[in-house]
Amino acid sequence: MMIGQSGRRARTSIALAATAVTGALVLTACGGDSSATSGDGKLKVVASFYPMEFLAQQIGKDHVQVTDLTAPGVEPHDLELTAKQVGAVQKADAIVYLKGLQPTVDQAVGQASTQHKVDATAASPLVDHHLPAEGQEGEAHKHDGPAGDPHIWLDPTRYAAIAKSVGDEFAKADPAHAEEYRKNTDELVTKLGALDQEFRDGLKDAKTKTFVTSHAAFGYLADHYGLTQVAINGVDPESEPTPARLADVQKAAKDNGVTTIFFETLVSPKLADTVAKDLGLRTAVLDPLEGVKDPAKDDYLSVMKQNLANLQAALGTPGSATATPSSTPTAG
């Protein structure tokens with residue numbers, strides 16, 4: 001999920017260059033003011049993509065006006081900022097982002113004058129979960145993205161650490177509502193702690209601890225709950241796995257009693273379907289939560305609980321239901 005292809009980087013660099021003048025014109029002094037708010041009294045917050053938006057909304061509630069740079073249902077790595085979005089970043093009172101994930105966002109944030117910037121990786125440093133050579137044909141893939149796996153929000157305890165940083169920064173940016181930000185942060189951290197316990201309890205009696213995904217987005221989740229992630233691709237979902245990698249996946253699936261191949265919501269399930277068909281297995285969704293298609297219907301907590309239910313079904317947890325969306329085993 002963290003590919004930064006040279007063509008894409010070239011396009012985004014051109015886009016930012018074209019909007020540099022616009023960005024310079026909209027720079028304001030309000031970003032350096034610790035009590036700066038929008039005309040309606042709300043703190044103007046820019047979030048880079050859904051996991052950061054969720055934190056900003058849950059912690060800021062009625063005291064913030066949150067702009068998400070990545071639209072619902074859009075793969076965040078494909079984001080190319082418009083002039084209007086660059087302007088929003090420059091005028092923000094606070095910015096919540098994950099450094100290294102979206103190059104155009106990083107450049108815009110670097111140009112912003114606000115003192116209130118929350119980089120998620122500062123609260124939860126990245127770990128390298130890459131596969132050797134990213135499972136690709138030919139030479140090893142050179143990463144243009146973060147120096148590690150960016151999917152830190154999929155471990156609720158790491159996500160809670162980021163939440164605390166957001167709460168602290170909002171309190172500095174808007175001291176008049178500092179106590180409410182702290183209260184909201186504590187409530188969210190409590191919910192994330194309860195979610196963590198649900199995962200611990202829900203996975204402890206699983207028959208197998210191994211699950212297969214279309215790409216390696218779940219390394220932090222696997223590490224935290226004592227599971228083994230077997231990924232067809234590395235953290236880059238657009239790479240093509242080598243025949244050797246496919247053979248390794250098939251062997252791991254057979255050796256560990258795997259019943260399900262997981263795919264995700266924002267990337268084509270074609271690869272997962274092909275592997276599942278070859279092995280006569282089911283497919284189901286394991287959502288990396290980089291975006292939520294319908295925020296009015298789902299949020300981080302509800303999708304994570306569905307992920308837990310799907311993992312329980314795939315790993316053979318006693319009493320678990322069939323993973324959803326589910327399919328019958330395909331003929332192999």
# chains A, B, ... in the order shown; residues from 1 in each chain; ligands from 1

$ residues_around --residues "stretch 315-317 of chain A" --least-positions-apart "4" --cutoff "10 Å" --atoms "only C-alpha atoms" --output "list of chain:residue names"
A:Gly202, A:Leu203, A:Lys204, A:Asp205, A:Ala206, A:Lys207, A:Thr208, A:Lys209, A:Thr210, A:Phe211, A:Leu227, A:Asn256, A:Gly257, A:Val258, A:Thr259, A:Thr260, A:Ala309, A:Asn310, A:Leu311, A:Ala321, A:Thr322

$ select_by_dssp --residues "stretch 121-314 of chain A" --states "strand (DSSP E or B)" --output "PyMOL selection string"
chain A and resi 127+136+149+210-215+228-233+241+260-263+282-285

$ write_last_selection --atoms "N, CA and C atoms" --output "mmCIF file, in the first residue's frame"
data_model
loop_
_atom_site.group_PDB
_atom_site.id
_atom_site.type_symbol
_atom_site.label_atom_id
_atom_site.label_comp_id
_atom_site.auth_asym_id
_atom_site.auth_seq_id
_atom_site.Cartn_x
_atom_site.Cartn_y
_atom_site.Cartn_z
ATOM 1 N N VAL A 127 8.053 0.252 11.876
ATOM 2 C CA VAL A 127 8.829 -0.987 11.877
ATOM 3 C C VAL A 127 8.831 -1.527 10.454
ATOM 4 N N GLN A 136 8.766 -9.118 -5.655
ATOM 5 C CA GLN A 136 8.634 -8.774 -7.056
ATOM 6 C C GLN A 136 9.583 -9.566 -7.940
ATOM 7 N N ASP A 149 6.891 0.001 7.558
ATOM 8 C CA ASP A 149 5.474 -0.240 7.293
ATOM 9 C C ASP A 149 4.658 0.906 7.894
ATOM 10 N N THR A 210 -2.028 -18.371 11.709
ATOM 11 C CA THR A 210 -1.530 -17.881 10.423
ATOM 12 C C THR A 210 -2.676 -17.425 9.535
ATOM 13 N N PHE A 211 -2.537 -16.245 8.943
ATOM 14 C CA PHE A 211 -3.532 -15.782 7.975
ATOM 15 C C PHE A 211 -2.818 -15.266 6.736
ATOM 16 N N VAL A 212 -3.508 -15.362 5.599
ATOM 17 C CA VAL A 212 -2.934 -14.974 4.304
ATOM 18 C C VAL A 212 -3.663 -13.745 3.787
ATOM 19 N N THR A 213 -2.893 -12.727 3.395
ATOM 20 C CA THR A 213 -3.462 -11.495 2.854
ATOM 21 C C THR A 213 -2.896 -11.225 1.467
ATOM 22 N N SER A 214 -3.616 -10.391 0.724
ATOM 23 C CA SER A 214 -3.139 -10.045 -0.607
ATOM 24 C C SER A 214 -1.872 -9.211 -0.551
ATOM 25 N N HIS A 215 -1.704 -8.409 0.508
ATOM 26 C CA HIS A 215 -0.437 -7.704 0.693
ATOM 27 C C HIS A 215 -0.227 -7.418 2.177
ATOM 28 N N THR A 228 0.723 -14.731 12.642
ATOM 29 C CA THR A 228 1.689 -14.715 11.547
ATOM 30 C C THR A 228 0.982 -14.300 10.272
ATOM 31 N N GLN A 229 1.428 -13.195 9.707
ATOM 32 C CA GLN A 229 0.885 -12.714 8.442
ATOM 33 C C GLN A 229 1.685 -13.299 7.292
ATOM 34 N N VAL A 230 1.006 -13.952 6.369
ATOM 35 C CA VAL A 230 1.638 -14.431 5.137
ATOM 36 C C VAL A 230 1.053 -13.595 4.008
ATOM 37 N N ALA A 231 1.887 -12.786 3.395
ATOM 38 C CA ALA A 231 1.408 -11.850 2.383
ATOM 39 C C ALA A 231 1.830 -12.286 0.989
ATOM 40 N N ILE A 232 0.880 -12.240 0.067
ATOM 41 C CA ILE A 232 1.184 -12.565 -1.324
ATOM 42 C C ILE A 232 2.126 -11.510 -1.888
ATOM 43 N N ASN A 233 1.815 -10.245 -1.609
ATOM 44 C CA ASN A 233 2.698 -9.134 -1.941
ATOM 45 C C ASN A 233 3.245 -8.539 -0.658
ATOM 46 N N PRO A 241 3.895 -10.730 -7.574
ATOM 47 C CA PRO A 241 4.664 -11.716 -6.816
ATOM 48 C C PRO A 241 5.399 -12.675 -7.750
ATOM 49 N N THR A 260 -8.870 -19.230 4.324
ATOM 50 C CA THR A 260 -9.340 -17.981 3.720
ATOM 51 C C THR A 260 -8.172 -17.156 3.215
ATOM 52 N N ILE A 261 -8.353 -16.561 2.049
ATOM 53 C CA ILE A 261 -7.403 -15.585 1.534
ATOM 54 C C ILE A 261 -8.065 -14.213 1.657
ATOM 55 N N PHE A 262 -7.411 -13.299 2.365
ATOM 56 C CA PHE A 262 -7.988 -11.983 2.595
ATOM 57 C C PHE A 262 -7.595 -10.992 1.505
ATOM 58 N N PHE A 263 -8.567 -10.193 1.094
ATOM 59 C CA PHE A 263 -8.297 -9.054 0.218
ATOM 60 C C PHE A 263 -8.839 -7.807 0.914
ATOM 61 N N ARG A 282 -11.675 -19.972 0.549
ATOM 62 C CA ARG A 282 -12.587 -18.838 0.523
ATOM 63 C C ARG A 282 -11.799 -17.533 0.416
ATOM 64 N N THR A 283 -12.525 -16.461 0.091
ATOM 65 C CA THR A 283 -11.959 -15.122 0.190
ATOM 66 C C THR A 283 -12.843 -14.289 1.117
ATOM 67 N N ALA A 284 -12.252 -13.335 1.780
ATOM 68 C CA ALA A 284 -12.994 -12.431 2.654
ATOM 69 C C ALA A 284 -12.200 -11.138 2.811
ATOM 70 N N VAL A 285 -12.858 -10.109 3.318
ATOM 71 C CA VAL A 285 -12.229 -8.800 3.472
ATOM 72 C C VAL A 285 -11.498 -8.691 4.808
#

$ residues_around --residues "A:Leu308" --least-positions-apart "3" --cutoff "10 Å" --atoms "only C-alpha atoms" --output "count of residues only"
16

$ residues_around --residues "A:Leu188" --least-positions-apart "6" --cutoff "9 Å" --atoms "only C-alpha atoms" --output "PDB file with N, CA, C and O atoms, in the first residue's frame"
ATOM      1  N   LEU A  55      -9.221  10.453  14.293  1.00  0.00           N
ATOM      2  CA  LEU A  55      -8.666  10.960  15.540  1.00  0.00           C
ATOM      3  C   LEU A  55      -9.045  12.426  15.757  1.00  0.00           C
ATOM      4  O   LEU A  55      -9.455  12.826  16.856  1.00  0.00           O
ATOM      5  N   GLN A  58     -12.822  12.688  16.645  1.00  0.00           N
ATOM      6  CA  GLN A  58     -13.155  12.138  17.952  1.00  0.00           C
ATOM      7  C   GLN A  58     -12.604  12.982  19.098  1.00  0.00           C
ATOM      8  O   GLN A  58     -13.242  13.112  20.149  1.00  0.00           O
ATOM      9  N   ILE A  59     -11.458  13.584  18.891  1.00  0.00           N
ATOM     10  CA  ILE A  59     -10.828  14.376  19.940  1.00  0.00           C
ATOM     11  C   ILE A  59     -11.321  15.824  19.917  1.00  0.00           C
ATOM     12  O   ILE A  59     -11.533  16.442  20.958  1.00  0.00           O
ATOM     13  N   ALA A 160      -3.619   4.505  19.906  1.00  0.00           N
ATOM     14  CA  ALA A 160      -3.891   5.260  21.129  1.00  0.00           C
ATOM     15  C   ALA A 160      -2.754   6.235  21.441  1.00  0.00           C
ATOM     16  O   ALA A 160      -2.992   7.360  21.907  1.00  0.00           O
ATOM     17  N   ALA A 163      -3.254   9.143  19.273  1.00  0.00           N
ATOM     18  CA  ALA A 163      -4.384   9.920  19.780  1.00  0.00           C
ATOM     19  C   ALA A 163      -3.942  10.877  20.886  1.00  0.00           C
ATOM     20  O   ALA A 163      -4.360  12.039  20.933  1.00  0.00           O
TER      21      ALA A 163
END

$ closest_residue --among "A:Gly319, A:Pro288, A:Gly60, A:Gly41" --to "A:Leu221" --atoms "only C-alpha atoms"
A:Pro288

$ closest_residue --among "A:Gln57, A:Thr190, A:Ser113, A:Ser268" --to "A:Val166" --atoms "only C-alpha atoms"
A:Gln57

$ select_by_dssp --residues "stretch 118-242 of chain A" --states "helix (DSSP H, G or I)" --output "NGL selection string"
:A and (120-123 or 132-135 or 152-154 or 156-173 or 175-203 or 219-224)

$ write_last_selection --atoms "C-alpha atoms" --output "mmCIF file, in the first residue's frame"
data_model
loop_
_atom_site.group_PDB
_atom_site.id
_atom_site.type_symbol
_atom_site.label_atom_id
_atom_site.label_comp_id
_atom_site.auth_asym_id
_atom_site.auth_seq_id
_atom_site.Cartn_x
_atom_site.Cartn_y
_atom_site.Cartn_z
ATOM 1 C CA ALA A 120 1.869 10.033 13.640
ATOM 2 C CA THR A 121 5.280 8.412 13.219
ATOM 3 C CA ALA A 122 6.700 10.580 16.012
ATOM 4 C CA ALA A 123 4.258 8.995 18.465
ATOM 5 C CA PRO A 132 12.575 -9.557 0.645
ATOM 6 C CA ALA A 133 12.568 -7.607 -2.641
ATOM 7 C CA GLU A 134 8.865 -6.907 -2.016
ATOM 8 C CA GLY A 135 8.056 -10.271 -3.614
ATOM 9 C CA ILE A 152 0.567 1.702 12.540
ATOM 10 C CA TRP A 153 -3.103 2.513 13.157
ATOM 11 C CA LEU A 154 -4.033 -1.184 12.826
ATOM 12 C CA PRO A 156 -5.013 -0.142 18.672
ATOM 13 C CA THR A 157 -2.294 0.494 21.245
ATOM 14 C CA ARG A 158 -0.123 2.348 18.733
ATOM 15 C CA TYR A 159 -3.184 4.235 17.532
ATOM 16 C CA ALA A 160 -3.891 5.260 21.129
ATOM 17 C CA ALA A 161 -0.375 6.713 21.405
ATOM 18 C CA ILE A 162 -1.043 8.823 18.311
ATOM 19 C CA ALA A 163 -4.384 9.920 19.780
ATOM 20 C CA LYS A 164 -2.620 11.257 22.867
ATOM 21 C CA SER A 165 -0.289 13.323 20.681
ATOM 22 C CA VAL A 166 -3.262 14.762 18.799
ATOM 23 C CA GLY A 167 -5.011 15.665 22.055
ATOM 24 C CA ASP A 168 -1.906 17.370 23.417
ATOM 25 C CA GLU A 169 -1.429 19.420 20.246
ATOM 26 C CA PHE A 170 -5.075 20.482 20.055
ATOM 27 C CA ALA A 171 -4.846 21.676 23.661
ATOM 28 C CA LYS A 172 -1.830 23.818 22.723
ATOM 29 C CA ALA A 173 -3.506 25.175 19.590
ATOM 30 C CA PRO A 175 -6.126 26.459 25.095
ATOM 31 C CA ALA A 176 -9.671 27.660 25.753
ATOM 32 C CA HIS A 177 -10.935 24.111 25.154
ATOM 33 C CA ALA A 178 -7.899 22.212 26.405
ATOM 34 C CA GLU A 179 -9.772 20.346 29.112
ATOM 35 C CA GLU A 180 -12.381 19.099 26.660
ATOM 36 C CA TYR A 181 -9.688 17.879 24.260
ATOM 37 C CA ARG A 182 -8.039 15.985 27.098
ATOM 38 C CA LYS A 183 -11.367 14.502 28.189
ATOM 39 C CA ASN A 184 -12.198 13.403 24.631
ATOM 40 C CA THR A 185 -8.718 11.929 24.244
ATOM 41 C CA ASP A 186 -9.094 9.918 27.440
ATOM 42 C CA GLU A 187 -12.470 8.593 26.255
ATOM 43 C CA LEU A 188 -11.052 7.528 22.900
ATOM 44 C CA VAL A 189 -7.991 5.904 24.470
ATOM 45 C CA THR A 190 -10.352 3.953 26.749
ATOM 46 C CA LYS A 191 -12.333 2.741 23.713
ATOM 47 C CA LEU A 192 -9.128 1.703 21.975
ATOM 48 C CA GLY A 193 -8.045 -0.158 25.098
ATOM 49 C CA ALA A 194 -11.353 -2.026 25.104
ATOM 50 C CA LEU A 195 -10.898 -2.843 21.411
ATOM 51 C CA ASP A 196 -7.419 -4.154 22.137
ATOM 52 C CA GLN A 197 -8.848 -6.436 24.812
ATOM 53 C CA GLU A 198 -11.546 -7.670 22.423
ATOM 54 C CA PHE A 199 -8.840 -8.703 19.959
ATOM 55 C CA ARG A 200 -6.801 -10.393 22.682
ATOM 56 C CA ASP A 201 -9.800 -12.337 23.990
ATOM 57 C CA GLY A 202 -11.210 -13.047 20.549
ATOM 58 C CA LEU A 203 -8.046 -14.523 19.059
ATOM 59 C CA GLY A 219 2.239 -6.595 10.279
ATOM 60 C CA TYR A 220 1.598 -4.483 13.380
ATOM 61 C CA LEU A 221 -1.688 -6.245 14.099
ATOM 62 C CA ALA A 222 -0.056 -9.649 13.656
ATOM 63 C CA ASP A 223 2.919 -8.756 15.860
ATOM 64 C CA HIS A 224 0.738 -7.393 18.642
#

$ closest_residue --among "A:Leu126, A:Ala47, A:Leu271, A:Ala108" --to "A:Gln65" --atoms "only C-alpha atoms"
A:Ala47

$ residues_around --residues "A:Val275" --least-positions-apart "5" --cutoff "9 Å" --atoms "only C-alpha atoms" --output "PyMOL selection string"
chain A and resi 232+246+249-250+261+270+280-281

$ atom_distance --atom1 "atom CA of A:Phe54" --atom2 "atom CA of A:Asp299"
7.7 Å

$ closest_residue --among "A:Asn307, A:Ser48, A:Gln107, A:Thr242" --to "A:Asp119" --atoms "only C-alpha atoms"
A:Ser48

$ atom_distance --atom1 "atom CA of A:Pro76" --atom2 "atom CA of A:Glu264"
13.7 Å

$ atom_distance --atom1 "atom CA of A:Phe218" --atom2 "atom CA of A:Leu289"
10.6 Å
